[in-house]
Amino acid sequence: MEKILTELRAAGWTVAVHNDYRQAGVGLMTFWLFTNPDGRYVKSEGRSDDEVLRSIKYKIDAMDWK
């Protein structure tokens with residue numbers, strides 16, 4: 001998790017929102033939203049921080065205009 005956060009921060013991404021919550025029938029969930037000074041944003045939610053951060057990293061890597 002720390003490696004991904006370090007990579008994202010080095011690329012200019014900032015955590016705008018990180019929220020843990022309980023969802024009825026699902027259990028503990030986590031939500032992350034990252035922003036970039038160039039106006040881009042990426043968000044994801046899931047059952048663990050690791051899952052969500054991997055998803056965020058995948059979405060950023062998939063952008064064709066870094």
# chains A, B, ... in the order shown; residues from 1 in each chain; ligands from 1
$ residues_around --residues "stretch 37-52 of chain A" --least-positions-apart "6" --cutoff "8 Å" --atoms "only C-alpha atoms" --output "ChimeraX atom specification"
/A:1,12-13,28-31,59-60
$ select_by_dssp --residues "stretch 7-55 of chain A" --states "alpha helix (DSSP H)" --output "list in words"
Glu7, Leu8, Arg9, Ala10, Asp49, Asp50, Glu51, Val52, Leu53, Arg54 and Ser55 of chain A
$ atom_distance --atom1 "atom CA of A:Arg54" --atom2 "atom CA of A:Gln23"
21.2 Å
$ residues_around --residues "A:Lys3" --least-positions-apart "2" --cutoff "12 Å" --atoms "only C-alpha atoms" --output "PyMOL selection string"
chain A and resi 1+5-10+50+53-54+57
$ decode --residues "stretch 12-25 of chain A" --atoms "all heavy atoms" --output "mmCIF file, in the first residue's frame"
data_model
loop_
_atom_site.group_PDB
_atom_site.id
_atom_site.type_symbol
_atom_site.label_atom_id
_atom_site.label_comp_id
_atom_site.auth_asym_id
_atom_site.auth_seq_id
_atom_site.Cartn_x
_atom_site.Cartn_y
_atom_site.Cartn_z
ATOM 1 N N GLY A 12 2.390 13.410 -8.673
ATOM 2 C CA GLY A 12 1.586 14.618 -8.511
ATOM 3 C C GLY A 12 0.164 14.389 -8.008
ATOM 4 O O GLY A 12 -0.603 15.342 -7.877
ATOM 5 N N TRP A 13 -0.199 13.147 -7.712
ATOM 6 C CA TRP A 13 -1.551 12.853 -7.237
ATOM 7 C C TRP A 13 -1.651 13.113 -5.738
ATOM 8 O O TRP A 13 -0.718 12.854 -4.981
ATOM 9 C CB TRP A 13 -1.911 11.406 -7.546
ATOM 10 C CG TRP A 13 -2.047 11.171 -9.009
ATOM 11 C CD1 TRP A 13 -1.070 10.766 -9.867
ATOM 12 C CD2 TRP A 13 -3.217 11.366 -9.801
ATOM 13 N NE1 TRP A 13 -1.565 10.691 -11.141
ATOM 14 C CE2 TRP A 13 -2.877 11.056 -11.138
ATOM 15 C CE3 TRP A 13 -4.516 11.779 -9.515
ATOM 16 C CZ2 TRP A 13 -3.794 11.141 -12.171
ATOM 17 C CZ3 TRP A 13 -5.426 11.859 -10.547
ATOM 18 C CH2 TRP A 13 -5.070 11.538 -11.858
ATOM 19 N N THR A 14 -2.806 13.626 -5.317
ATOM 20 C CA THR A 14 -3.058 13.944 -3.913
ATOM 21 C C THR A 14 -4.348 13.265 -3.467
ATOM 22 O O THR A 14 -5.338 13.239 -4.212
ATOM 23 C CB THR A 14 -3.231 15.467 -3.745
ATOM 24 O OG1 THR A 14 -2.063 16.113 -4.232
ATOM 25 C CG2 THR A 14 -3.461 15.841 -2.299
ATOM 26 N N VAL A 15 -4.331 12.744 -2.243
ATOM 27 C CA VAL A 15 -5.554 12.170 -1.680
ATOM 28 C C VAL A 15 -6.511 13.309 -1.352
ATOM 29 O O VAL A 15 -6.203 14.176 -0.540
ATOM 30 C CB VAL A 15 -5.273 11.351 -0.405
ATOM 31 C CG1 VAL A 15 -6.564 10.841 0.202
ATOM 32 C CG2 VAL A 15 -4.321 10.205 -0.689
ATOM 33 N N ALA A 16 -7.659 13.324 -2.001
ATOM 34 C CA ALA A 16 -8.681 14.331 -1.724
ATOM 35 C C ALA A 16 -9.654 13.817 -0.681
ATOM 36 O O ALA A 16 -10.091 14.561 0.195
ATOM 37 C CB ALA A 16 -9.422 14.710 -2.998
ATOM 38 N N VAL A 17 -10.010 12.528 -0.786
ATOM 39 C CA VAL A 17 -10.950 11.908 0.158
ATOM 40 C C VAL A 17 -10.535 10.466 0.389
ATOM 41 O O VAL A 17 -10.216 9.748 -0.548
ATOM 42 C CB VAL A 17 -12.394 11.917 -0.403
ATOM 43 C CG1 VAL A 17 -13.342 11.209 0.552
ATOM 44 C CG2 VAL A 17 -12.869 13.316 -0.699
ATOM 45 N N HIS A 18 -10.547 10.060 1.645
ATOM 46 C CA HIS A 18 -10.402 8.655 2.015
ATOM 47 C C HIS A 18 -11.394 8.414 3.141
ATOM 48 O O HIS A 18 -11.334 9.060 4.183
ATOM 49 C CB HIS A 18 -8.986 8.325 2.476
ATOM 50 C CG HIS A 18 -8.869 6.940 3.018
ATOM 51 N ND1 HIS A 18 -8.115 6.652 4.121
ATOM 52 C CD2 HIS A 18 -9.425 5.775 2.621
ATOM 53 C CE1 HIS A 18 -8.201 5.354 4.388
ATOM 54 N NE2 HIS A 18 -8.997 4.806 3.475
ATOM 55 N N ASN A 19 -12.325 7.497 2.907
ATOM 56 C CA ASN A 19 -13.394 7.276 3.867
ATOM 57 C C ASN A 19 -13.631 5.781 4.033
ATOM 58 O O ASN A 19 -13.770 5.049 3.061
ATOM 59 C CB ASN A 19 -14.683 7.951 3.359
ATOM 60 C CG ASN A 19 -15.786 7.905 4.370
ATOM 61 O OD1 ASN A 19 -15.543 7.963 5.563
ATOM 62 N ND2 ASN A 19 -17.009 7.787 3.900
ATOM 63 N N ASP A 20 -13.671 5.325 5.270
ATOM 64 C CA ASP A 20 -14.072 3.952 5.585
ATOM 65 C C ASP A 20 -15.498 4.001 6.101
ATOM 66 O O ASP A 20 -15.843 4.893 6.884
ATOM 67 C CB ASP A 20 -13.162 3.349 6.659
ATOM 68 C CG ASP A 20 -11.734 3.168 6.172
ATOM 69 O OD1 ASP A 20 -11.559 2.870 4.981
ATOM 70 O OD2 ASP A 20 -10.809 3.310 6.987
ATOM 71 N N TYR A 21 -16.313 3.071 5.662
ATOM 72 C CA TYR A 21 -17.713 3.068 6.075
ATOM 73 C C TYR A 21 -18.263 1.652 6.074
ATOM 74 O O TYR A 21 -17.672 0.747 5.489
ATOM 75 C CB TYR A 21 -18.545 3.973 5.148
ATOM 76 C CG TYR A 21 -18.545 3.532 3.690
ATOM 77 C CD1 TYR A 21 -19.565 2.735 3.185
ATOM 78 C CD2 TYR A 21 -17.528 3.908 2.825
ATOM 79 C CE1 TYR A 21 -19.561 2.319 1.863
ATOM 80 C CE2 TYR A 21 -17.525 3.508 1.510
ATOM 81 C CZ TYR A 21 -18.540 2.711 1.032
ATOM 82 O OH TYR A 21 -18.538 2.298 -0.274
ATOM 83 N N ARG A 22 -19.377 1.478 6.730
ATOM 84 C CA ARG A 22 -20.063 0.182 6.734
ATOM 85 C C ARG A 22 -21.279 0.273 5.831
ATOM 86 O O ARG A 22 -22.052 1.224 5.905
ATOM 87 C CB ARG A 22 -20.500 -0.198 8.136
ATOM 88 C CG ARG A 22 -19.333 -0.451 9.035
ATOM 89 C CD ARG A 22 -19.715 -1.312 10.235
ATOM 90 N NE ARG A 22 -18.564 -1.521 11.084
ATOM 91 C CZ ARG A 22 -17.632 -2.447 10.877
ATOM 92 N NH1 ARG A 22 -17.726 -3.247 9.859
ATOM 93 N NH2 ARG A 22 -16.613 -2.570 11.699
ATOM 94 N N GLN A 23 -21.417 -0.720 4.991
ATOM 95 C CA GLN A 23 -22.562 -0.780 4.084
ATOM 96 C C GLN A 23 -23.412 -1.983 4.472
ATOM 97 O O GLN A 23 -22.893 -3.098 4.595
ATOM 98 C CB GLN A 23 -22.090 -0.901 2.639
ATOM 99 C CG GLN A 23 -23.194 -0.836 1.632
ATOM 100 C CD GLN A 23 -22.650 -0.762 0.210
ATOM 101 O OE1 GLN A 23 -21.453 -0.606 -0.012
ATOM 102 N NE2 GLN A 23 -23.533 -0.887 -0.733
ATOM 103 N N ALA A 24 -24.693 -1.748 4.664
ATOM 104 C CA ALA A 24 -25.604 -2.816 5.079
ATOM 105 C C ALA A 24 -25.509 -3.997 4.126
ATOM 106 O O ALA A 24 -25.555 -3.846 2.910
ATOM 107 C CB ALA A 24 -27.041 -2.295 5.130
ATOM 108 N N GLY A 25 -25.338 -5.172 4.681
ATOM 109 C CA GLY A 25 -25.287 -6.395 3.894
ATOM 110 C C GLY A 25 -23.945 -6.666 3.242
ATOM 111 O O GLY A 25 -23.738 -7.722 2.667
#
